[in-house]
>>> print(open('protein.txt').read())   # compact mmCIF, N, CA and C atoms
# COMPACT_ATOMS: atom_id res chain seq x y z
N MET W 1 -119.92 156.25 -36.35
CA MET W 1 -118.82 156.62 -37.21
C MET W 1 -118.00 155.41 -37.64
N ASP W 2 -117.85 154.47 -36.74
CA ASP W 2 -117.05 153.30 -37.04
C ASP W 2 -117.67 152.49 -38.18
N ILE W 3 -118.98 152.47 -38.25
CA ILE W 3 -119.67 151.75 -39.32
C ILE W 3 -119.39 152.41 -40.67
N LEU W 4 -119.40 153.75 -40.68
CA LEU W 4 -119.14 154.47 -41.93
C LEU W 4 -117.71 154.22 -42.44
N ARG W 5 -116.77 154.13 -41.53
CA ARG W 5 -115.39 153.84 -41.94
C ARG W 5 -115.28 152.45 -42.55
N LYS W 6 -115.98 151.50 -41.97
CA LYS W 6 -115.97 150.14 -42.51
C LYS W 6 -116.62 150.10 -43.89
N ILE W 7 -117.70 150.85 -44.05
CA ILE W 7 -118.36 150.92 -45.36
C ILE W 7 -117.42 151.55 -46.38
N ASP W 8 -116.71 152.62 -45.99
CA ASP W 8 -115.74 153.26 -46.89
C ASP W 8 -114.64 152.28 -47.29
N LYS W 9 -114.17 151.46 -46.36
CA LYS W 9 -113.12 150.48 -46.69
C LYS W 9 -113.63 149.46 -47.70
N VAL W 10 -114.86 149.03 -47.53
CA VAL W 10 -115.45 148.06 -48.47
C VAL W 10 -115.61 148.70 -49.85
N LEU W 11 -116.14 149.93 -49.88
CA LEU W 11 -116.31 150.63 -51.16
C LEU W 11 -114.96 150.88 -51.83
N ALA W 12 -113.94 151.23 -51.04
CA ALA W 12 -112.60 151.46 -51.59
C ALA W 12 -112.04 150.17 -52.19
N ALA W 13 -112.33 149.05 -51.55
CA ALA W 13 -111.86 147.76 -52.07
C ALA W 13 -112.49 147.44 -53.42
N PHE W 14 -113.71 147.94 -53.64
CA PHE W 14 -114.39 147.73 -54.92
C PHE W 14 -114.04 148.80 -55.96
N GLY W 15 -113.16 149.74 -55.60
CA GLY W 15 -112.69 150.71 -56.57
C GLY W 15 -113.38 152.05 -56.54
N ASN W 16 -114.17 152.35 -55.54
CA ASN W 16 -114.83 153.65 -55.44
C ASN W 16 -113.78 154.72 -55.12
N ILE W 17 -113.59 155.67 -56.02
CA ILE W 17 -112.53 156.69 -55.90
C ILE W 17 -112.75 157.58 -54.69
N LYS W 18 -113.96 158.06 -54.48
CA LYS W 18 -114.23 158.95 -53.33
C LYS W 18 -113.97 158.23 -52.00
N ALA W 19 -114.33 156.97 -51.92
CA ALA W 19 -114.08 156.19 -50.71
C ALA W 19 -112.58 155.99 -50.51
N MET W 20 -111.84 155.81 -51.60
CA MET W 20 -110.38 155.68 -51.50
C MET W 20 -109.76 156.96 -50.96
N GLU W 21 -110.24 158.11 -51.43
CA GLU W 21 -109.72 159.39 -50.96
C GLU W 21 -110.00 159.58 -49.47
N ARG W 22 -111.18 159.19 -49.02
CA ARG W 22 -111.52 159.36 -47.60
C ARG W 22 -110.72 158.44 -46.70
N THR W 23 -110.35 157.27 -47.17
CA THR W 23 -109.63 156.32 -46.33
C THR W 23 -108.11 156.45 -46.45
N HIS W 24 -107.63 157.22 -47.43
CA HIS W 24 -106.19 157.37 -47.63
C HIS W 24 -105.56 158.13 -46.46
N VAL W 25 -104.45 157.63 -45.97
CA VAL W 25 -103.71 158.28 -44.89
C VAL W 25 -102.51 158.98 -45.51
N ASP W 26 -102.51 160.31 -45.39
CA ASP W 26 -101.46 161.12 -46.00
C ASP W 26 -100.35 161.36 -44.99
N THR W 27 -99.37 160.50 -44.96
CA THR W 27 -98.28 160.62 -43.99
C THR W 27 -97.31 161.74 -44.34
N TYR W 28 -97.19 162.07 -45.63
CA TYR W 28 -96.27 163.13 -46.05
C TYR W 28 -96.70 164.48 -45.48
N THR W 29 -97.95 164.86 -45.73
CA THR W 29 -98.43 166.15 -45.25
C THR W 29 -98.50 166.18 -43.73
N GLU W 30 -98.89 165.09 -43.12
CA GLU W 30 -98.94 165.04 -41.66
C GLU W 30 -97.54 165.19 -41.07
N GLY W 31 -96.53 164.66 -41.75
CA GLY W 31 -95.14 164.86 -41.32
C GLY W 31 -94.74 166.32 -41.38
N LEU W 32 -95.18 167.02 -42.43
CA LEU W 32 -94.91 168.45 -42.54
C LEU W 32 -95.59 169.23 -41.42
N VAL W 33 -96.82 168.86 -41.11
CA VAL W 33 -97.58 169.55 -40.07
C VAL W 33 -96.92 169.35 -38.71
N SER W 34 -96.46 168.16 -38.42
CA SER W 34 -95.88 167.89 -37.11
C SER W 34 -94.45 168.42 -36.96
N ASN W 35 -93.78 168.78 -38.07
CA ASN W 35 -92.40 169.26 -38.01
C ASN W 35 -92.26 170.70 -38.50
N ILE W 36 -93.18 171.56 -38.12
CA ILE W 36 -93.13 172.96 -38.54
C ILE W 36 -91.98 173.66 -37.84
N LYS W 37 -91.19 174.41 -38.63
CA LYS W 37 -90.08 175.18 -38.05
C LYS W 37 -90.61 176.51 -37.55
N GLY W 38 -89.96 177.02 -36.53
CA GLY W 38 -90.30 178.34 -36.03
C GLY W 38 -91.16 178.30 -34.78
N ASP W 39 -91.53 179.48 -34.33
CA ASP W 39 -92.34 179.65 -33.12
C ASP W 39 -93.75 180.06 -33.49
N LYS W 40 -94.69 179.59 -32.69
CA LYS W 40 -96.08 180.02 -32.89
C LYS W 40 -96.20 181.44 -32.37
N ILE W 41 -96.55 182.37 -33.25
CA ILE W 41 -96.65 183.77 -32.83
C ILE W 41 -98.09 184.24 -32.73
N ALA W 42 -99.02 183.53 -33.39
CA ALA W 42 -100.42 183.95 -33.34
C ALA W 42 -101.32 182.75 -33.57
N GLU W 43 -102.53 182.82 -33.00
CA GLU W 43 -103.50 181.75 -33.20
C GLU W 43 -104.90 182.26 -32.94
N SER W 44 -105.86 181.51 -33.42
CA SER W 44 -107.27 181.76 -33.17
C SER W 44 -108.01 180.46 -33.43
N LYS W 45 -109.32 180.50 -33.36
CA LYS W 45 -110.08 179.29 -33.65
C LYS W 45 -109.99 178.93 -35.13
N ASN W 46 -109.57 179.89 -35.96
CA ASN W 46 -109.45 179.66 -37.40
C ASN W 46 -108.10 179.11 -37.83
N GLY W 47 -107.08 179.20 -36.98
CA GLY W 47 -105.79 178.69 -37.38
C GLY W 47 -104.65 179.09 -36.45
N GLN W 48 -103.44 178.77 -36.90
CA GLN W 48 -102.23 179.08 -36.15
C GLN W 48 -101.18 179.61 -37.12
N LEU W 49 -100.34 180.54 -36.63
CA LEU W 49 -99.31 181.16 -37.45
C LEU W 49 -97.95 180.92 -36.81
N TYR W 50 -97.06 180.27 -37.54
CA TYR W 50 -95.70 180.01 -37.09
C TYR W 50 -94.74 180.86 -37.91
N ALA W 51 -93.70 181.40 -37.27
CA ALA W 51 -92.74 182.27 -37.95
C ALA W 51 -91.32 181.78 -37.72
N ASP W 52 -90.52 181.88 -38.79
CA ASP W 52 -89.12 181.49 -38.75
C ASP W 52 -88.36 182.50 -39.63
N PHE W 53 -87.17 182.89 -39.20
CA PHE W 53 -86.39 183.88 -39.94
C PHE W 53 -85.23 183.21 -40.66
N GLN W 54 -84.86 183.78 -41.82
CA GLN W 54 -83.79 183.22 -42.65
C GLN W 54 -83.10 184.37 -43.38
N VAL W 55 -81.77 184.29 -43.49
CA VAL W 55 -80.99 185.29 -44.21
C VAL W 55 -80.42 184.63 -45.46
N LEU W 56 -80.68 185.24 -46.60
CA LEU W 56 -80.13 184.77 -47.88
C LEU W 56 -79.55 185.96 -48.62
N SER W 57 -78.25 185.94 -48.84
CA SER W 57 -77.51 186.97 -49.57
C SER W 57 -77.99 188.39 -49.22
N ASP W 58 -77.81 188.75 -47.97
CA ASP W 58 -78.11 190.08 -47.44
C ASP W 58 -79.59 190.44 -47.40
N TYR W 59 -80.47 189.50 -47.65
CA TYR W 59 -81.91 189.74 -47.52
C TYR W 59 -82.44 188.92 -46.35
N GLU W 60 -83.27 189.55 -45.55
CA GLU W 60 -83.88 188.88 -44.40
C GLU W 60 -85.28 188.42 -44.81
N PHE W 61 -85.57 187.13 -44.60
CA PHE W 61 -86.86 186.57 -44.95
C PHE W 61 -87.59 186.12 -43.71
N LEU W 62 -88.89 186.31 -43.72
CA LEU W 62 -89.79 185.76 -42.72
C LEU W 62 -90.53 184.62 -43.40
N ASN W 63 -90.26 183.40 -42.96
CA ASN W 63 -90.96 182.23 -43.50
C ASN W 63 -92.10 181.90 -42.55
N VAL W 64 -93.31 181.91 -43.08
CA VAL W 64 -94.51 181.72 -42.29
C VAL W 64 -95.17 180.41 -42.67
N SER W 65 -95.61 179.67 -41.66
CA SER W 65 -96.41 178.46 -41.87
C SER W 65 -97.76 178.71 -41.20
N ILE W 66 -98.82 178.50 -41.97
CA ILE W 66 -100.17 178.74 -41.47
C ILE W 66 -100.92 177.42 -41.45
N LEU W 67 -101.41 177.04 -40.29
CA LEU W 67 -102.30 175.88 -40.16
C LEU W 67 -103.72 176.43 -40.03
N SER W 68 -104.60 176.00 -40.93
CA SER W 68 -105.97 176.52 -40.88
C SER W 68 -106.95 175.50 -41.43
N ARG W 69 -108.20 175.81 -41.30
CA ARG W 69 -109.27 174.97 -41.84
C ARG W 69 -109.58 175.36 -43.28
N ASP W 70 -108.95 176.44 -43.78
CA ASP W 70 -109.22 176.94 -45.12
C ASP W 70 -108.12 176.55 -46.10
N ASN W 71 -108.53 176.24 -47.31
CA ASN W 71 -107.59 175.98 -48.40
C ASN W 71 -107.21 177.33 -48.99
N ILE W 72 -105.97 177.73 -48.79
CA ILE W 72 -105.50 179.02 -49.30
C ILE W 72 -104.81 178.77 -50.63
N LYS W 73 -105.36 179.38 -51.68
CA LYS W 73 -104.79 179.20 -53.01
C LYS W 73 -104.94 180.51 -53.78
N THR W 74 -103.80 181.06 -54.21
CA THR W 74 -103.81 182.30 -54.97
C THR W 74 -102.55 182.41 -55.81
N PHE W 75 -102.64 183.15 -56.89
CA PHE W 75 -101.48 183.43 -57.74
C PHE W 75 -101.05 184.88 -57.61
N LYS W 76 -101.68 185.63 -56.70
CA LYS W 76 -101.38 187.05 -56.54
C LYS W 76 -100.74 187.36 -55.20
N GLY W 77 -100.29 186.35 -54.48
CA GLY W 77 -99.62 186.56 -53.21
C GLY W 77 -100.57 186.94 -52.09
N GLY W 78 -99.99 187.33 -50.98
CA GLY W 78 -100.77 187.71 -49.81
C GLY W 78 -100.00 188.75 -49.02
N ARG W 79 -100.55 189.12 -47.89
CA ARG W 79 -99.85 190.08 -47.03
C ARG W 79 -100.20 189.82 -45.58
N LEU W 80 -99.26 190.17 -44.73
CA LEU W 80 -99.48 190.13 -43.29
C LEU W 80 -99.70 191.56 -42.81
N LEU W 81 -100.72 191.75 -42.02
CA LEU W 81 -101.04 193.05 -41.46
C LEU W 81 -100.99 192.93 -39.94
N PHE W 82 -99.93 193.48 -39.35
CA PHE W 82 -99.75 193.46 -37.90
C PHE W 82 -100.35 194.73 -37.32
N VAL W 83 -101.17 194.60 -36.28
CA VAL W 83 -101.79 195.74 -35.62
C VAL W 83 -101.35 195.75 -34.17
N ASP W 84 -100.77 196.88 -33.72
CA ASP W 84 -100.30 196.96 -32.34
C ASP W 84 -101.36 197.57 -31.43
N SER W 85 -101.01 197.76 -30.17
CA SER W 85 -101.97 198.25 -29.18
C SER W 85 -102.42 199.69 -29.45
N ASN W 86 -101.62 200.45 -30.20
CA ASN W 86 -101.98 201.82 -30.57
C ASN W 86 -102.78 201.87 -31.87
N LYS W 87 -103.14 200.72 -32.38
CA LYS W 87 -103.86 200.57 -33.66
C LYS W 87 -103.01 200.99 -34.86
N ASP W 88 -101.68 201.02 -34.69
CA ASP W 88 -100.78 201.26 -35.82
C ASP W 88 -100.67 199.97 -36.62
N GLU W 89 -100.63 200.09 -37.93
CA GLU W 89 -100.58 198.93 -38.81
C GLU W 89 -99.21 198.81 -39.47
N HIS W 90 -98.72 197.59 -39.55
CA HIS W 90 -97.47 197.28 -40.23
C HIS W 90 -97.79 196.23 -41.28
N ILE W 91 -97.62 196.58 -42.54
CA ILE W 91 -97.98 195.68 -43.64
C ILE W 91 -96.72 195.10 -44.26
N ILE W 92 -96.72 193.77 -44.44
CA ILE W 92 -95.61 193.08 -45.09
C ILE W 92 -96.18 192.30 -46.26
N GLU W 93 -95.73 192.63 -47.47
CA GLU W 93 -96.20 191.95 -48.68
C GLU W 93 -95.40 190.65 -48.88
N SER W 94 -96.06 189.63 -49.40
CA SER W 94 -95.39 188.34 -49.59
C SER W 94 -94.42 188.38 -50.76
N ASP W 95 -93.33 187.67 -50.59
CA ASP W 95 -92.37 187.49 -51.67
C ASP W 95 -92.87 186.37 -52.59
N THR W 96 -93.59 185.44 -52.02
CA THR W 96 -94.17 184.32 -52.75
C THR W 96 -95.46 184.79 -53.41
N GLN W 97 -95.59 184.63 -54.73
CA GLN W 97 -96.82 185.02 -55.42
C GLN W 97 -97.79 183.85 -55.57
N GLU W 98 -97.26 182.68 -55.86
CA GLU W 98 -98.12 181.50 -55.98
C GLU W 98 -98.16 180.80 -54.62
N ILE W 99 -99.33 180.82 -54.01
CA ILE W 99 -99.51 180.26 -52.68
C ILE W 99 -100.53 179.13 -52.78
N THR W 100 -100.14 177.94 -52.33
CA THR W 100 -101.05 176.80 -52.30
C THR W 100 -100.91 176.08 -50.96
N SER W 101 -101.95 175.42 -50.56
CA SER W 101 -101.98 174.71 -49.29
C SER W 101 -101.90 173.21 -49.51
N ASP W 102 -101.35 172.50 -48.52
CA ASP W 102 -101.32 171.04 -48.51
C ASP W 102 -102.30 170.57 -47.45
N PHE W 103 -103.11 169.57 -47.78
CA PHE W 103 -104.13 169.08 -46.86
C PHE W 103 -103.66 167.83 -46.14
N SER W 104 -103.93 167.78 -44.85
CA SER W 104 -103.68 166.59 -44.06
C SER W 104 -105.02 166.05 -43.59
N ASN W 105 -105.38 164.86 -44.08
CA ASN W 105 -106.67 164.31 -43.69
C ASN W 105 -106.64 163.66 -42.31
N ILE W 106 -105.48 163.53 -41.73
CA ILE W 106 -105.39 162.99 -40.37
C ILE W 106 -105.83 164.06 -39.37
N SER W 107 -105.25 165.24 -39.47
CA SER W 107 -105.61 166.33 -38.55
C SER W 107 -106.67 167.25 -39.14
N ASN W 108 -107.09 167.00 -40.37
CA ASN W 108 -108.12 167.78 -41.06
C ASN W 108 -107.76 169.26 -41.11
N THR W 109 -106.50 169.57 -41.44
CA THR W 109 -106.04 170.95 -41.54
C THR W 109 -105.27 171.16 -42.83
N TRP W 110 -105.20 172.41 -43.23
CA TRP W 110 -104.42 172.81 -44.39
C TRP W 110 -103.15 173.49 -43.92
N LEU W 111 -102.02 173.17 -44.53
CA LEU W 111 -100.73 173.78 -44.22
C LEU W 111 -100.33 174.67 -45.39
N THR W 112 -100.08 175.94 -45.11
CA THR W 112 -99.70 176.91 -46.13
C THR W 112 -98.38 177.54 -45.73
N LYS W 113 -97.43 177.58 -46.67
CA LYS W 113 -96.12 178.19 -46.41
C LYS W 113 -95.96 179.40 -47.33
N VAL W 114 -95.54 180.53 -46.71
CA VAL W 114 -95.39 181.79 -47.44
C VAL W 114 -94.11 182.47 -46.95
N SER W 115 -93.38 183.12 -47.88
CA SER W 115 -92.17 183.86 -47.54
C SER W 115 -92.40 185.36 -47.72
N PHE W 116 -91.78 186.14 -46.83
CA PHE W 116 -91.88 187.59 -46.86
C PHE W 116 -90.49 188.17 -46.71
N VAL W 117 -90.15 189.21 -47.48
CA VAL W 117 -88.91 189.95 -47.27
C VAL W 117 -89.22 190.99 -46.20
N ILE W 118 -88.41 191.01 -45.14
CA ILE W 118 -88.68 191.94 -44.04
C ILE W 118 -87.44 192.78 -43.75
N HIS W 119 -87.64 193.82 -42.94
CA HIS W 119 -86.56 194.70 -42.51
C HIS W 119 -86.35 194.51 -41.01
N GLU W 120 -85.29 195.05 -40.51
CA GLU W 120 -84.91 194.87 -39.11
C GLU W 120 -86.00 195.36 -38.16
N LYS W 121 -86.65 196.46 -38.48
CA LYS W 121 -87.70 197.02 -37.63
C LYS W 121 -88.88 196.04 -37.50
N GLU W 122 -89.25 195.42 -38.60
CA GLU W 122 -90.35 194.46 -38.60
C GLU W 122 -89.96 193.19 -37.85
N LYS W 123 -88.71 192.75 -38.03
CA LYS W 123 -88.23 191.56 -37.33
C LYS W 123 -88.26 191.78 -35.82
N LYS W 124 -87.81 192.96 -35.39
CA LYS W 124 -87.80 193.28 -33.97
C LYS W 124 -89.22 193.29 -33.41
N MET W 125 -90.17 193.86 -34.16
CA MET W 125 -91.56 193.90 -33.71
C MET W 125 -92.11 192.48 -33.52
N ILE W 126 -91.79 191.58 -34.44
CA ILE W 126 -92.29 190.21 -34.36
C ILE W 126 -91.62 189.45 -33.22
N LEU W 127 -90.31 189.57 -33.10
CA LEU W 127 -89.59 188.86 -32.03
C LEU W 127 -89.99 189.33 -30.64
N GLU W 128 -90.24 190.62 -30.49
CA GLU W 128 -90.62 191.17 -29.20
C GLU W 128 -92.13 191.13 -28.97
N ARG W 129 -92.86 190.59 -29.94
CA ARG W 129 -94.33 190.45 -29.85
C ARG W 129 -95.01 191.78 -29.55
N LYS W 130 -94.62 192.81 -30.30
CA LYS W 130 -95.21 194.14 -30.10
C LYS W 130 -96.39 194.35 -31.05
N PHE W 131 -97.26 193.37 -31.10
CA PHE W 131 -98.49 193.48 -31.88
C PHE W 131 -99.59 192.79 -31.09
N GLU W 132 -100.81 193.14 -31.36
CA GLU W 132 -101.95 192.53 -30.66
C GLU W 132 -102.57 191.42 -31.49
N TYR W 133 -102.69 191.66 -32.79
CA TYR W 133 -103.23 190.64 -33.68
C TYR W 133 -102.68 190.85 -35.08
N VAL W 134 -102.86 189.84 -35.89
CA VAL W 134 -102.32 189.87 -37.25
C VAL W 134 -103.37 189.30 -38.20
N TYR W 135 -103.46 189.91 -39.37
CA TYR W 135 -104.32 189.41 -40.44
C TYR W 135 -103.44 188.84 -41.54
N PHE W 136 -103.82 187.70 -42.07
CA PHE W 136 -103.22 187.22 -43.31
C PHE W 136 -104.28 187.43 -44.39
N ASP W 137 -104.01 188.37 -45.30
CA ASP W 137 -104.95 188.71 -46.37
C ASP W 137 -104.51 188.06 -47.67
N TYR W 138 -105.45 187.43 -48.36
CA TYR W 138 -105.21 186.84 -49.67
C TYR W 138 -106.53 186.91 -50.44
N LYS W 139 -106.41 187.09 -51.74
CA LYS W 139 -107.60 187.29 -52.57
C LYS W 139 -108.48 188.33 -51.90
N LYS W 140 -109.73 188.01 -51.67
CA LYS W 140 -110.64 188.92 -50.96
C LYS W 140 -110.99 188.36 -49.59
N LYS W 141 -110.11 187.52 -49.07
CA LYS W 141 -110.34 186.87 -47.78
C LYS W 141 -109.29 187.32 -46.78
N SER W 142 -109.60 187.10 -45.50
CA SER W 142 -108.69 187.48 -44.45
C SER W 142 -108.79 186.48 -43.31
N LEU W 143 -107.64 186.14 -42.75
CA LEU W 143 -107.56 185.21 -41.62
C LEU W 143 -107.04 185.99 -40.43
N LEU W 144 -107.85 186.12 -39.38
CA LEU W 144 -107.50 186.88 -38.19
C LEU W 144 -106.89 185.96 -37.14
N LEU W 145 -105.71 186.35 -36.62
CA LEU W 145 -105.02 185.56 -35.60
C LEU W 145 -104.56 186.51 -34.50
N TYR W 146 -104.65 186.06 -33.25
CA TYR W 146 -104.26 186.87 -32.09
C TYR W 146 -102.91 186.42 -31.55
N LYS W 147 -102.16 187.38 -31.04
CA LYS W 147 -100.82 187.13 -30.51
C LYS W 147 -100.86 186.07 -29.41
N THR W 148 -99.88 185.16 -29.44
CA THR W 148 -99.74 184.18 -28.37
C THR W 148 -98.76 184.73 -27.34
N ASN W 149 -98.91 184.32 -26.12
CA ASN W 149 -98.00 184.73 -25.06
C ASN W 149 -96.98 183.64 -24.83
N GLN W 150 -95.74 183.93 -25.19
CA GLN W 150 -94.66 182.95 -24.97
C GLN W 150 -93.48 183.61 -24.36
>>> encode(input="protein.txt", output="structure tokens")
Amino acid sequence: MDILRKIDKVLAAFGNIKAMERTHVDTYTEGLVSNIKGDKIAESKNGQLYADFQVLSDYEFLNVSILSRDNIKTFKGGRLLFVDSNKDEHIIESDTQEITSDFSNISNTWLTKVSFVIHEKEKKMILERKFEYVYFDYKKKSLLLYKTNQ
């Protein structure tokens, strides 16, 4: 691997665009990844879900940060589907319609931020971890994450 990195550096010095992209260190996105606000509420081998709450003019928002291996990009929003131990489902539609991910080539992960308008009942369920797993659905794809114990 070390030889390939040296070859990429040489190719980048000669102006090869793809080699420049591979050797570029993205400190901005890596800074965002390392400074995520909120608590990790769910994770799996496919990613991690962090949640933070915010109140703006009498509306309660759930701000979610998703770290995953997938580039999430949609103009139709997404939804969180919480499933509890009784198999009851709680669906929260995103307030954000345009969702795009930022890539960090240092940790090789995508960071996606999404906002949801929530109600007190949903906030209580999330804070008390009264769910077993959660799906983040977007387009025709779904990301499954399991509750963390904290």
>>> closest_residue(input="protein.txt", among="W:Lys18, W:Arg69, W:Lys124, W:Arg129", to="Thr148 (chain W)", atoms="all atoms listed in the file")
W:Arg129
>>> closest_residue(input="protein.txt", among="W:Asp137, W:Asn63, W:Ser68, W:Phe103", to="Lys45 (chain W)", atoms="all atoms listed in the file")
W:Ser68
>>> closest_residue(input="protein.txt", among="W:Thr96, W:Gly47, W:Leu11, W:Lys37", to="Lys76 (chain W)", atoms="all atoms listed in the file")
W:Thr96
>>> closest_residue(input="protein.txt", among="W:Glu93, W:Glu122, W:Glu132, W:Asp39", to="Arg79 (chain W)", atoms="all atoms listed in the file")
W:Glu93
>>> select_by_dssp(input="protein.txt", residues="chain W", states="strand (DSSP E or B)", output="VMD selection string")
chain W and resid 39 to 44 47 to 56 59 to 68 74 78 to 83 89 to 94 99 101 to 104 109 to 118 133 to 138 141 to 147
>>> residues_near_point(input="protein.txt", point="(-85.5, 186.2, -48.3)", cutoff="8 Å", atoms="only C-alpha atoms", output="list in words")
Gln54, Val55, Leu56, Tyr59, Glu60, Phe61, Leu62, Asp95, Ser115, Phe116, Val117 and Ile118 of chain W
>>> atom_distance(input="protein.txt", atom1="atom C of Gly38 (chain W)", atom2="atom C of Asp52 (chain W)")
7.0 Å
>>> residues_around(input="protein.txt", residues="Ile91 (chain W)", least_positions_apart="2", cutoff="9 Å", atoms="only C-alpha atoms", output="number ranges by chain")
W: 79-83, 89, 93
